[in-house]
Each structure stands twice: as C-alpha cells, then as structure tokens.
$ cat entry-v3.txt   # compact mmCIF, C-alpha atoms
# COMPACT_ATOMS: atom_id res chain seq x y z
CA MET U 1 0.00 0.00 0.00
CA VAL U 2 1.33 3.47 -0.92
CA ARG U 3 1.01 6.15 1.74
CA HIS U 4 -0.84 9.31 0.64
CA PRO U 5 1.38 12.44 0.80
CA ASP U 6 -1.01 14.06 3.29
CA THR U 7 -1.02 11.07 5.67
CA PRO U 8 0.77 12.06 8.91
CA VAL U 9 4.04 10.26 9.68
CA THR U 10 3.76 8.09 12.77
CA GLY U 11 5.75 5.59 14.75
CA ARG U 12 9.48 5.21 14.20
CA ALA U 13 9.55 7.62 11.25
CA ALA U 14 8.11 10.39 13.41
CA ALA U 15 10.56 9.62 16.21
CA LEU U 16 13.45 9.73 13.76
CA ARG U 17 12.27 13.09 12.42
CA ARG U 18 12.03 14.54 15.93
CA LEU U 19 15.51 13.24 16.77
CA THR U 20 16.94 14.78 13.59
CA GLN U 21 15.27 18.11 14.31
CA TRP U 22 16.57 18.04 17.86
CA CYS U 23 20.14 17.36 16.69
CA LEU U 24 20.02 20.15 14.12
CA ALA U 25 18.23 22.71 16.29
CA PRO U 26 20.41 25.78 16.98
CA LEU U 27 21.82 25.99 20.49
CA PRO U 28 21.83 29.26 22.44
CA ALA U 29 24.86 31.38 21.60
CA PRO U 30 27.39 31.73 24.44
CA PRO U 31 28.00 35.21 25.92
CA VAL U 32 30.06 37.44 23.66
CA ALA U 33 32.28 38.22 26.64
CA LEU U 34 33.76 34.74 26.28
CA ARG U 35 35.07 35.55 22.81
CA ARG U 36 38.63 36.20 23.85
CA GLY U 37 42.12 35.08 22.84
CA PRO U 38 42.07 32.87 19.71
CA LEU U 39 38.26 33.20 19.57
CA ARG U 40 38.51 36.88 18.62
CA PRO U 41 37.30 37.72 15.09
CA GLY U 42 39.88 38.35 12.39
CA LEU U 43 42.75 36.81 14.33
CA PHE U 44 43.80 34.35 11.59
CA ARG U 45 44.58 36.42 8.50
CA SER U 46 46.78 34.23 6.32
CA ARG U 47 45.59 34.35 2.70
CA LEU U 48 47.06 30.91 2.08
CA ARG U 49 44.33 29.16 4.05
CA SER U 50 41.33 28.24 1.97
CA THR U 51 38.87 25.44 1.46
CA ARG U 52 40.64 24.61 -1.81
CA LEU U 53 44.03 24.27 -0.11
CA SER U 54 42.58 22.12 2.66
CA SER U 55 40.78 19.96 0.07
CA GLN U 56 43.92 19.39 -2.00
CA LEU U 57 45.92 18.47 1.09
CA GLY U 58 43.07 16.24 2.24
CA VAL U 59 43.03 14.32 -1.04
CA ALA U 60 46.79 13.71 -0.90
CA LEU U 61 46.60 12.72 2.77
CA GLY U 62 43.66 10.41 2.07
CA VAL U 63 45.60 8.60 -0.65
CA ALA U 64 48.65 8.21 1.64
CA PHE U 65 46.50 6.91 4.50
CA ALA U 66 44.64 4.50 2.20
CA VAL U 67 47.87 2.95 0.88
CA CYS U 68 49.35 2.85 4.38
CA PHE U 69 46.22 1.20 5.81
CA ALA U 70 45.96 -1.41 3.02
CA THR U 71 49.61 -2.46 3.29
CA GLY U 72 49.48 -2.46 7.09
CA LEU U 73 46.34 -4.61 7.08
CA LEU U 74 48.09 -7.01 4.71
CA SER U 75 51.05 -7.28 7.07
CA HIS U 76 48.72 -7.98 9.99
CA LEU U 77 46.90 -10.72 8.07
CA ILE U 78 50.20 -12.37 7.12
CA GLN U 79 51.34 -12.42 10.75
CA HIS U 80 47.95 -13.41 12.19
CA PRO U 81 46.22 -15.23 9.33
CA PRO U 82 42.51 -16.05 9.65
CA GLY U 83 41.29 -19.32 8.18
CA TRP U 84 40.29 -17.78 4.84
CA PHE U 85 43.58 -15.95 4.23
CA TRP U 86 46.18 -17.20 1.76
CA TRP U 87 49.58 -15.65 1.07
CA PRO U 88 51.77 -16.78 -1.87
CA THR U 89 55.46 -17.66 -1.85
CA ARG U 90 56.16 -15.72 -5.06
CA PRO U 91 57.39 -13.21 -5.89
CA VAL U 92 59.95 -13.59 -3.12
CA GLY U 93 60.20 -9.83 -2.56
CA LEU U 94 56.47 -9.01 -2.47
CA TYR U 95 56.28 -8.52 1.29
CA ARG U 96 59.51 -6.57 1.15
CA PHE U 97 57.82 -4.19 -1.29
CA THR U 98 54.48 -3.86 0.51
CA GLN U 99 55.99 -3.26 3.93
CA GLY U 100 58.54 -0.82 2.56
CA LEU U 101 55.63 1.01 0.89
CA HIS U 102 53.74 0.99 4.20
CA VAL U 103 56.55 2.70 6.08
CA ALA U 104 57.38 5.08 3.21
CA THR U 105 53.79 6.34 2.85
CA GLY U 106 53.46 6.67 6.61
CA LEU U 107 56.56 8.87 6.77
CA ALA U 108 55.51 10.87 3.71
CA ALA U 109 52.16 11.58 5.41
CA ILE U 110 53.84 13.45 8.28
CA PRO U 111 54.34 16.80 6.46
CA LEU U 112 51.00 16.35 4.72
CA LEU U 113 49.18 15.99 8.02
CA GLY U 114 51.13 18.84 9.60
CA VAL U 115 50.25 21.36 6.88
CA LYS U 116 46.67 20.04 6.65
CA LEU U 117 46.20 20.72 10.36
CA TRP U 118 47.75 24.18 9.94
CA SER U 119 45.31 24.97 7.14
CA VAL U 120 42.20 24.06 9.16
CA TYR U 121 43.05 24.73 12.80
CA PRO U 122 41.45 28.25 12.80
CA HIS U 123 38.11 26.39 12.53
CA LEU U 124 38.84 25.09 16.02
CA PHE U 125 38.20 28.64 17.26
CA SER U 126 35.10 29.38 15.17
CA TRP U 127 32.24 31.24 16.81
CA PRO U 128 29.98 30.02 18.22
CA PRO U 129 32.07 26.99 19.21
CA VAL U 130 29.04 24.68 18.97
CA ARG U 131 26.03 25.52 16.80
CA SER U 132 23.94 22.38 17.41
CA ILE U 133 24.10 18.87 18.83
CA ALA U 134 24.99 17.54 15.37
CA HIS U 135 27.75 20.15 15.02
CA ALA U 136 29.13 19.17 18.45
CA ALA U 137 29.18 15.50 17.42
CA GLU U 138 30.94 16.36 14.14
CA ARG U 139 33.58 18.40 15.99
CA ALA U 140 34.13 15.61 18.51
CA GLY U 141 34.53 13.10 15.68
CA THR U 142 37.05 15.35 13.95
CA GLY U 143 39.02 15.70 17.18
CA LEU U 144 39.07 11.93 17.60
CA LEU U 145 40.21 11.49 13.99
CA VAL U 146 43.07 13.97 14.43
CA ALA U 147 44.19 12.37 17.71
CA ALA U 148 44.12 8.87 16.18
CA ALA U 149 46.02 9.97 13.06
CA LEU U 150 48.72 11.63 15.19
CA PHE U 151 48.92 8.48 17.33
CA LEU U 152 49.47 6.32 14.23
CA LEU U 153 52.25 8.48 12.82
CA VAL U 154 54.04 9.08 16.13
CA SER U 155 53.86 5.43 17.22
CA GLY U 156 54.99 4.32 13.75
CA VAL U 157 58.07 6.55 13.93
CA LEU U 158 58.85 5.24 17.43
CA ASN U 159 58.54 1.68 16.17
CA ILE U 160 60.87 2.02 13.20
CA SER U 161 63.32 3.72 15.58
CA ARG U 162 62.85 0.79 18.00
CA TRP U 163 62.16 3.20 20.89
CA TYR U 164 59.40 1.51 22.87
CA ALA U 165 59.84 3.23 26.25
CA PRO U 166 57.21 5.94 25.49
CA MET U 167 54.65 3.25 24.52
CA PRO U 168 53.28 1.38 27.58
CA PHE U 169 51.37 -1.01 25.32
CA PHE U 170 52.08 -3.63 22.68
CA PHE U 171 52.80 -1.55 19.60
CA THR U 172 51.40 -3.94 16.99
CA ALA U 173 47.98 -4.28 18.66
CA GLY U 174 47.66 -0.57 19.41
CA HIS U 175 48.74 0.47 15.92
CA TYR U 176 46.36 -2.01 14.28
CA TRP U 177 43.20 -1.10 16.19
CA VAL U 178 43.78 2.66 16.02
CA ALA U 179 44.24 2.29 12.24
CA TRP U 180 40.66 0.98 12.03
CA LEU U 181 39.54 3.95 14.12
CA VAL U 182 41.26 6.34 11.70
CA VAL U 183 39.71 4.69 8.65
CA GLY U 184 36.22 4.80 10.16
CA GLY U 185 36.63 8.43 11.23
CA LEU U 186 38.07 9.34 7.84
CA LEU U 187 35.11 7.86 5.98
CA VAL U 188 32.66 9.80 8.16
CA HIS U 189 34.73 12.97 7.75
CA ILE U 190 34.74 12.58 3.97
CA GLY U 191 30.99 12.01 3.95
CA VAL U 192 30.35 15.20 5.93
CA HIS U 193 32.72 17.45 3.96
CA LEU U 194 32.48 15.92 0.46
CA PRO U 195 30.10 18.60 -0.95
CA ALA U 196 32.42 21.42 0.16
CA VAL U 197 35.49 19.56 -1.14
CA ARG U 198 33.93 18.93 -4.54
CA ALA U 199 32.87 22.56 -4.85
CA ALA U 200 36.33 23.81 -3.84
CA LEU U 201 38.18 21.54 -6.28
CA ALA U 202 35.84 22.49 -9.13
CA ARG U 203 36.76 26.17 -8.93
CA PRO U 204 39.20 27.71 -11.45
CA THR U 205 42.81 27.16 -10.45
CA GLY U 206 44.05 30.63 -11.34
CA GLU U 207 45.35 32.78 -8.49
CA PRO U 208 45.94 36.51 -8.34
CA ARG U 209 49.56 37.52 -7.96
CA GLN U 210 50.54 38.21 -4.40
CA ASP U 211 53.69 38.96 -2.47
CA GLY U 212 55.33 36.10 -0.60
CA LEU U 213 54.29 32.47 -0.61
CA ASN U 214 51.23 31.42 -2.58
CA ARG U 215 49.13 28.26 -2.50
CA ARG U 216 50.99 26.50 -5.32
CA ALA U 217 54.36 27.22 -3.74
CA LEU U 218 53.10 25.89 -0.41
CA LEU U 219 51.82 22.69 -2.02
CA GLY U 220 55.12 22.34 -3.86
CA GLY U 221 57.00 22.70 -0.58
CA VAL U 222 54.85 20.04 1.07
CA ALA U 223 55.40 17.68 -1.87
CA ALA U 224 59.14 18.32 -1.72
CA ALA U 225 59.22 17.63 2.03
CA SER U 226 57.34 14.34 1.60
CA GLY U 227 59.60 13.35 -1.29
CA LEU U 228 62.75 14.24 0.66
CA ILE U 229 61.65 12.17 3.66
CA THR U 230 60.95 9.24 1.36
CA LEU U 231 64.26 9.57 -0.46
CA THR U 232 66.28 9.79 2.76
CA THR U 233 64.64 6.70 4.31
CA VAL U 234 63.84 4.35 1.42
CA GLY U 235 67.50 3.36 1.23
CA GLN U 236 66.91 0.97 4.15
CA THR U 237 64.93 -1.11 1.63
CA LEU U 238 66.42 -0.23 -1.77
CA ARG U 239 70.20 -0.72 -1.95
CA PRO U 240 70.77 1.89 -4.74
CA PHE U 241 69.54 4.60 -2.33
CA THR U 242 71.46 3.41 0.73
CA GLY U 243 73.93 6.28 0.50
CA LEU U 244 71.07 8.80 0.64
CA ALA U 245 69.33 7.18 3.62
CA VAL U 246 70.60 9.70 6.17
CA LEU U 247 67.31 9.62 8.12
CA ALA U 248 66.84 5.83 8.01
CA PRO U 249 67.19 4.20 11.43
CA ARG U 250 68.60 1.02 9.86
CA HIS U 251 71.00 0.35 6.98
CA PRO U 252 70.62 -2.97 5.14
CA ASP U 253 74.35 -3.72 5.03
CA ILE U 254 75.28 -3.05 8.66
CA GLY U 255 75.30 -6.06 10.97
CA PRO U 256 76.89 -9.49 11.43
CA GLN U 257 77.64 -11.11 8.07
CA GLY U 258 76.42 -7.97 6.31
CA LEU U 259 72.78 -8.13 7.49
CA PRO U 260 71.03 -6.17 10.26
CA VAL U 261 69.86 -7.84 13.46
CA ASN U 262 66.92 -6.77 15.62
CA ARG U 263 67.03 -9.38 18.38
CA THR U 264 70.40 -10.70 19.47
CA ALA U 265 71.13 -14.06 21.06
CA ALA U 266 71.99 -12.27 24.30
CA GLY U 267 68.71 -10.34 24.19
CA ALA U 268 66.79 -13.56 23.60
CA ARG U 269 68.78 -15.35 26.34
CA VAL U 270 69.61 -18.32 24.13
CA ARG U 271 73.38 -18.03 23.92
CA ALA U 272 74.16 -20.99 26.18
CA ALA U 273 71.52 -23.26 24.63
CA ALA U 274 72.55 -22.37 21.06
CA LEU U 275 76.24 -23.11 21.75
CA ASP U 276 75.54 -26.31 23.72
CA PRO U 277 77.34 -29.27 22.02
CA ALA U 278 74.32 -31.40 22.92
CA TYR U 279 72.04 -29.32 20.67
CA ARG U 280 69.45 -31.35 18.75
CA LEU U 281 66.75 -30.34 16.31
CA ARG U 282 63.69 -32.50 16.96
CA VAL U 283 61.23 -32.97 14.08
CA THR U 284 57.93 -34.56 15.11
CA GLY U 285 55.35 -35.83 12.64
CA PRO U 286 52.03 -37.65 12.84
CA ASP U 287 53.72 -41.06 12.72
CA ARG U 288 57.31 -40.67 13.91
CA SER U 289 60.00 -38.27 15.13
CA VAL U 290 63.67 -37.70 14.39
CA SER U 291 66.35 -35.94 16.40
CA LEU U 292 69.21 -34.36 14.44
CA ASP U 293 72.41 -32.82 15.71
CA LEU U 294 74.25 -30.17 13.72
CA ALA U 295 76.47 -32.73 12.00
CA ALA U 296 73.43 -34.75 10.89
CA LEU U 297 71.78 -31.60 9.52
CA ASN U 298 74.90 -30.81 7.51
CA ARG U 299 74.94 -34.32 6.04
CA LEU U 300 71.48 -33.86 4.54
CA PRO U 301 71.21 -32.41 0.98
CA GLN U 302 72.06 -28.71 1.10
CA TYR U 303 70.47 -25.98 -1.01
CA THR U 304 71.27 -22.30 -1.49
CA ALA U 305 68.84 -19.43 -2.11
CA ASP U 306 69.05 -15.64 -2.28
CA LEU U 307 66.19 -14.46 -0.07
CA PRO U 308 65.39 -11.16 1.67
CA ILE U 309 64.91 -10.52 5.33
CA ALA U 310 62.05 -8.00 5.39
CA CYS U 311 61.26 -6.42 8.74
CA VAL U 312 57.94 -4.90 9.74
CA GLU U 313 59.92 -1.76 10.60
CA GLY U 314 60.47 -1.17 6.87
CA TRP U 315 64.08 -2.22 6.33
CA SER U 316 65.05 -5.24 4.26
CA ALA U 317 68.17 -6.90 2.91
CA ILE U 318 68.99 -9.90 0.74
CA GLY U 319 71.23 -12.70 1.98
CA THR U 320 72.58 -15.89 0.43
CA TRP U 321 71.30 -18.69 2.66
CA THR U 322 72.31 -22.37 2.61
CA GLY U 323 70.65 -25.20 4.46
CA VAL U 324 68.16 -28.06 4.43
CA ARG U 325 64.79 -27.70 2.75
CA LEU U 326 61.99 -27.67 5.30
CA GLY U 327 60.05 -29.96 2.99
CA ASP U 328 62.82 -32.57 3.21
CA LEU U 329 62.67 -32.53 7.02
CA VAL U 330 58.89 -32.90 6.87
CA ALA U 331 59.30 -35.86 4.53
CA LEU U 332 61.70 -37.48 7.02
CA VAL U 333 58.82 -37.92 9.47
CA GLY U 334 56.50 -39.41 6.83
CA ALA U 335 54.42 -36.35 5.92
CA ASP U 336 53.65 -34.81 2.52
CA PRO U 337 55.26 -31.32 2.46
CA ARG U 338 52.63 -30.00 0.05
CA ARG U 339 49.80 -30.90 2.45
CA SER U 340 51.44 -30.25 5.82
CA THR U 341 51.65 -27.41 8.26
CA ALA U 342 54.79 -26.97 10.37
CA THR U 343 55.07 -25.25 13.73
CA VAL U 344 58.65 -24.02 14.16
CA GLU U 345 59.80 -23.29 17.73
CA SER U 346 62.85 -21.42 18.97
CA LEU U 347 65.21 -22.10 21.84
CA GLN U 348 63.74 -18.93 23.38
CA VAL U 349 61.81 -19.70 26.55
CA GLY U 350 59.24 -16.94 25.98
CA GLY U 351 58.33 -14.07 23.73
CA ARG U 352 55.54 -13.31 21.26
CA TYR U 353 57.49 -14.62 18.27
CA ARG U 354 59.29 -17.62 19.76
CA ALA U 355 57.29 -19.87 17.42
CA CYS U 356 55.65 -19.51 14.02
CA THR U 357 53.34 -21.55 11.83
CA VAL U 358 54.43 -22.35 8.28
CA PRO U 359 51.47 -23.12 5.96
CA PRO U 360 51.57 -25.87 3.30
CA GLU U 361 52.36 -23.51 0.42
CA HIS U 362 55.58 -22.51 2.18
CA VAL U 363 56.40 -25.94 3.61
CA GLY U 364 56.34 -27.44 0.11
CA ASP U 365 58.23 -24.57 -1.50
CA PRO U 366 61.84 -25.51 -2.38
CA LEU U 367 63.03 -22.06 -1.25
CA THR U 368 61.89 -22.61 2.35
CA LEU U 369 65.05 -23.58 4.21
CA VAL U 370 66.24 -24.45 7.65
CA ALA U 371 69.35 -22.36 7.09
CA LEU U 372 72.72 -23.35 8.53
CA ARG U 373 74.95 -20.87 6.69
CA LEU U 374 74.80 -17.28 5.49
CA GLY U 375 77.07 -16.08 2.71
CA GLY U 376 78.87 -19.45 2.74
CA GLU U 377 79.80 -19.16 6.44
CA PRO U 378 78.12 -20.78 9.45
CA LEU U 379 75.34 -18.62 10.81
CA HIS U 380 76.39 -15.91 13.22
CA LEU U 381 74.89 -16.50 16.65
CA ASP U 382 72.77 -13.37 16.30
CA HIS U 383 71.43 -14.60 12.97
CA GLY U 384 70.10 -17.80 14.50
CA TYR U 385 72.98 -20.30 14.91
CA PRO U 386 72.81 -23.25 14.85
CA ALA U 387 69.72 -23.24 12.59
CA ARG U 388 67.03 -20.80 11.58
CA LEU U 389 64.03 -20.63 9.29
CA ILE U 390 64.24 -18.59 6.08
CA ALA U 391 61.34 -18.58 3.62
CA ALA U 392 60.27 -16.49 0.66
CA ASN U 393 57.84 -13.60 1.06
CA ARG U 394 57.42 -13.64 4.84
CA PRO U 395 57.99 -10.99 7.54
CA GLY U 396 61.22 -11.19 9.48
CA VAL U 397 59.39 -11.88 12.75
CA LEU U 398 58.16 -15.15 11.21
CA GLN U 399 61.68 -16.27 10.18
CA THR U 400 62.26 -18.06 13.48
CA LYS U 401 65.85 -18.13 14.76
CA TRP U 402 67.62 -20.70 17.00
CA ILE U 403 65.25 -23.49 15.98
CA SER U 404 64.78 -26.28 18.54
CA ARG U 405 61.66 -28.15 17.39
CA ILE U 406 59.53 -28.58 14.27
CA THR U 407 56.07 -30.11 14.72
CA VAL U 408 54.35 -31.32 11.57
CA SER U 409 50.61 -31.71 11.21
CA GLY U 410 48.47 -32.58 8.21
CA THR U 411 47.81 -35.47 5.86
CA SER U 412 50.62 -38.00 5.49
$ encode --input "entry-v3.txt" --output "structure tokens"
Amino acid sequence: MVRHPDTPVTGRAAALRRLTQWCLAPLPAPPVALRRGPLRPGLFRSRLRSTRLSSQLGVALGVAFAVCFATGLLSHLIQHPPGWFWWPTRPVGLYRFTQGLHVATGLAAIPLLGVKLWSVYPHLFSWPPVRSIAHAAERAGTGLLVAAALFLLVSGVLNISRWYAPMPFFFTAGHYWVAWLVVGGLLVHIGVHLPAVRAALARPTGEPRQDGLNRRALLGGVAAASGLITLTTVGQTLRPFTGLAVLAPRHPDIGPQGLPVNRTAAGARVRAAALDPAYRLRVTGPDRSVSLDLAALNRLPQYTADLPIACVEGWSAIGTWTGVRLGDLVALVGADPRRSTATVESLQVGGRYRACTVPPEHVGDPLTLVALRLGGEPLHLDHGYPARLIAANRPGVLQTKWISRITVSGTS
C-alpha cells in the first residue's frame, strides 16, 4: 500500500524526524564576553588558508593513509592469518615491497598531516564553538580522527626507531586497532565534507599575484618535504639509495655477516643453549619423530637461495642462505610437504614470536630452508645459529631463529 502524501508520519519515522530536528536545532549562543584570545574575530589572517588548499591536502593525505592502511592490514593478516587468508610464496620480494611502501607512505604523510592541520586549525576557534548537537558531534569526531592519526604516525616513527619506552602497550595491537579507528573516522569525515570539497576543487585554479608564498608554492614545498623524507629513508629497503638514507634508522648492510639484526642471542637469552654441544633439532610428525644434531643436519642435501629478510619496521636486505629444505625434514617424518603445516619453535623460553606456523604452500616450496649458513659461512649466533628458518615472502618476525623443534601436522 502506498502512503498518501497528506497522511501524517507516525511511529518510528516520526521519532526519527524529531531526533533529527533536535540534533540540528540551533543551540543558544554563548555570551560574547567569552570571545577572547584565539576566539577573537579576524585573528587568523593568512591568505594561504582556503577550502581549496585544505581539500587538496586532504586528497593527498587520504591517498597516503589509504595505501598505508591497506599495506598495514596485509602485514597484519600475514602475521595473524585467519582461516580464509592465503599468502603466496612468489614473488619472493612481495612482502619486502608492501611493507617498505607501508613505512614510506606513513613517513611521507607526516608533512601532509602537519600542513593540513595548519590549514584548518582556525576552525577550532570558530564562533559560536558549537552551533547544534549535530555540530558538536561532528567536531568531537574530527578531534578523535586527528588524535588517532597523530597516534598512528608518532607510534609508527617510534617503532621504526625501535624506541618503545614511550609506549606502555604492545605496539602492533595498538597500531592495528587505532588504524581501524582512523579509517572509520576518515570515511565519516569525507561524507560530511564531500560537498564542500567537490565545490572547492571544481573552482578555477588561477590565483591573483601576491607577495610572498602562494598556494601553489606551499603545495610544492609540502610535496618536496614528503619526497625528501621518502628519499632519505627508502635506502633501508632499496640498496641503490642506501647512500642517501641519512634519516633511516637502519641500513641494510650493517650487521653481522652484512645483514642487520633486531634481536640478538643475548637479548633472547639463548646463547648458552645455542652453543651447547648437545644441541638437537627435533622434528615430530604424525607417525614418527627424528632428532638431528648439527652434523646430521649438515649431512642432509644442502640448497642455497638468495632471499630477503624483510622487517615490519620497513628495512630489508637480501642474503645468500644455505641449508636443508623444510620440505625434506617434513618428509623425514613421513608427511607430505605439500599438504602439511609446520610449527617451528625457537630455543627462546618466551616471547611473542618464539614460534611460528608455516602453511603448506611454504612448507612445500623448495626455497623454504632451515638455514645453517649465510654467505657461505656458518650462521652468526645473532642470525640464528645453529639453525634458523628462512622462507620467501614472509615478515622477518616469522623467520624463526635458533630453531629447537619442528612439529608437523596434516595429511601423510
């Protein structure tokens, strides 16, 4: 049945209309005597600030945040895969690229966000401060979005600098959940301001001549700052730019055997266990188990592969690794490498990454090694001696060092 236009609205529709009217109803203006300090009229006089400038900066910042969020979400799914998620073994440097892009776009967003906030912060002191309930909610949402965005960028910089003292929480969890908060707030913010943004960007681009800095010069300066930050940090991932990476916290060629190290054997408290002559690698399958000392591991067929170590902090480096294929060890205990999952455990007693799960696509890949040597030499203790996992297209935190046990599950 079609309702006649003159039929009164009742029930939930009427309640929704009353709620909308209440939210949009003007609030009483505060006393003019309170309009002091930054609330005074005409205090912000810069001719550079405009809706068009804020819109252009917002578009660039939105693109940077979108790329950063997508690559960060991908990294999270790789490290904590749900049942539906699948991650390939090829190309071997895919994770290296996506995580490097994640960190690069996050750093490039810093000057973008700074100038964007400069362009709009006079609105913080608009008069009246709150025009309606809906306006108050929109301002509160914007404040939450700004705080969350600043949290993401600041905590990200602290993480790549490996300075965790100012963060009394687990960085990965905090960074991940606040990223969702930023994305949700950003979508709402875009929905509210999209008409004004579209109108501002549709205006003619010509500007009258003026003394000093103009809008185009300001945008050019912001772009140059973002580009310079990227250029001076991307060398921790791309070797040709290593010499320019003066702001990068890590260099890909500095460390034992020419590769960086995040967690040392001393830091992991495994030095004594790793150097113990009685060391054994125990491989346990559905039907049987084997225990291999270092000499027995070296007697097995050895393979060499050039594979990157790609850290979640953005740096990466390629090493030449030699060792036993994980698939061969899985086959030793009667399991099919192509249909098996392996849980690889470290000599570490505790820690969030003392063990990792290797899915069948990696177990059966010939490039997945239990490495014994790096660059033709026995592994340095800080690189995982006596044996470590190295596999294609995986984060460094999942390349378990100082392996003590491999547990195989799946169809034999």
$ closest_residue --input "entry-v3.txt" --among "U:Leu367, U:Val120, U:Ile110, U:Ile406" --to "Ser346 (chain U)" --atoms "all atoms listed in the file"
U:Ile406
$ residues_around --input "entry-v3.txt" --residues "Leu144 (chain U)" --least-positions-apart "3" --cutoff "12 Å" --atoms "all atoms listed in the file" --output "list of chain:residue names"
U:Ala137, U:Glu138, U:Arg139, U:Ala140, U:Gly141, U:Ala147, U:Ala148, U:Ala149, U:Leu150, U:Phe151, U:Val178, U:Leu181, U:Val182, U:Val183, U:Gly184, U:Gly185, U:Leu186, U:Val188, U:His189
$ closest_residue --input "entry-v3.txt" --among "U:Ala387, U:Ala25, U:Ala104, U:Leu329" --to "Gly72 (chain U)" --atoms "only C-alpha atoms"
U:Ala104
$ closest_residue --input "entry-v3.txt" --among "U:Ser291, U:Ser226, U:Gln399, U:Thr242" --to "Arg354 (chain U)" --atoms "all atoms listed in the file"
U:Gln399
$ residues_around --input "entry-v3.txt" --residues "Val363 (chain U)" --least-positions-apart "6" --cutoff "7 Å" --atoms "all atoms listed in the file" --output "MDAnalysis selection string"
chainID U and resid 326:327 337:338 340:341
$ residues_around --input "entry-v3.txt" --residues "Ile160 (chain U)" --least-positions-apart "2" --cutoff "8 Å" --atoms "all atoms listed in the file" --output "list in words"
Gly156, Val157, Leu158, Arg162, Trp163, Pro249, Glu313 and Gly314 of chain U
$ closest_residue --input "entry-v3.txt" --among "U:Pro82, U:Pro240, U:Gly106, U:Pro31" --to "Phe65 (chain U)" --atoms "only C-alpha atoms"
U:Gly106
$ residues_around --input "entry-v3.txt" --residues "Gly258 (chain U)" --least-positions-apart "3" --cutoff "10 Å" --atoms "only C-alpha atoms" --output "list in words"
His251, Pro252, Asp253, Ile254, Gly255, Val261, Ala317, Ile318, Gly319, Leu374 and Gly375 of chain U
$ closest_residue --input "entry-v3.txt" --among "U:Thr407, U:Thr89, U:Gln348, U:Gln79" --to "Gly267 (chain U)" --atoms "only C-alpha atoms"
U:Gln348
$ residues_around --input "entry-v3.txt" --residues "region 111-118 of chain U" --least-positions-apart "2" --cutoff "7 Å" --atoms "all atoms listed in the file" --output "PyMOL selection string"
chain U and resi 54+57-58+61+108-109+120-121+222+225-226
$ closest_residue --input "entry-v3.txt" --among "U:Thr230, U:Asp382, U:Leu187, U:Ser289" --to "Ala66 (chain U)" --atoms "all atoms listed in the file"
U:Leu187
$ atom_distance --input "entry-v3.txt" --atom1 "CA of Gly396 (chain U)" --atom2 "CA of Cys311 (chain U)"
4.8 Å
$ atom_distance --input "entry-v3.txt" --atom1 "CA of Leu300 (chain U)" --atom2 "CA of Val330 (chain U)"
12.8 Å
$ atom_distance --input "entry-v3.txt" --atom1 "CA of Leu39 (chain U)" --atom2 "CA of His123 (chain U)"
9.8 Å
$ build_atoms --input "entry-v3.txt" --residues "region 272-284 of chain U" --atoms "N, CA, C and O atoms" --output "compact mmCIF listing (two decimals), in the frame of the given file"
# COMPACT_ATOMS: atom_id res chain seq x y z
N ALA U 272 73.65 -19.72 25.64
CA ALA U 272 74.16 -20.99 26.18
C ALA U 272 73.52 -22.19 25.49
O ALA U 272 74.21 -23.15 25.12
N ALA U 273 72.21 -22.13 25.27
CA ALA U 273 71.52 -23.26 24.63
C ALA U 273 71.94 -23.41 23.17
O ALA U 273 72.08 -24.54 22.68
N ALA U 274 72.16 -22.29 22.48
CA ALA U 274 72.55 -22.37 21.06
C ALA U 274 73.96 -22.92 20.90
O ALA U 274 74.25 -23.60 19.90
N LEU U 275 74.85 -22.65 21.85
CA LEU U 275 76.24 -23.11 21.75
C LEU U 275 76.46 -24.46 22.43
O LEU U 275 77.58 -24.99 22.41
N ASP U 276 75.42 -25.03 23.01
CA ASP U 276 75.54 -26.31 23.72
C ASP U 276 75.88 -27.42 22.72
O ASP U 276 75.16 -27.63 21.73
N PRO U 277 76.98 -28.17 22.93
CA PRO U 277 77.34 -29.27 22.02
C PRO U 277 76.25 -30.34 21.93
O PRO U 277 76.21 -31.11 20.96
N ALA U 278 75.37 -30.38 22.91
CA ALA U 278 74.32 -31.40 22.92
C ALA U 278 73.07 -30.95 22.14
O ALA U 278 72.04 -31.61 22.19
N TYR U 279 73.20 -29.84 21.42
CA TYR U 279 72.04 -29.32 20.67
C TYR U 279 71.48 -30.38 19.73
O TYR U 279 72.21 -31.09 19.04
N ARG U 280 70.14 -30.47 19.68
CA ARG U 280 69.45 -31.35 18.75
C ARG U 280 68.23 -30.59 18.20
O ARG U 280 67.55 -29.87 18.94
N LEU U 281 67.99 -30.82 16.92
CA LEU U 281 66.75 -30.34 16.31
C LEU U 281 65.79 -31.52 16.24
O LEU U 281 66.07 -32.51 15.57
N ARG U 282 64.66 -31.40 16.92
CA ARG U 282 63.69 -32.50 16.96
C ARG U 282 62.56 -32.18 15.98
O ARG U 282 61.93 -31.13 16.07
N VAL U 283 62.31 -33.10 15.05
CA VAL U 283 61.23 -32.97 14.08
C VAL U 283 60.21 -34.05 14.40
O VAL U 283 60.52 -35.25 14.37
N THR U 284 58.98 -33.64 14.70
CA THR U 284 57.93 -34.56 15.11
C THR U 284 56.79 -34.53 14.10
O THR U 284 56.27 -33.46 13.78
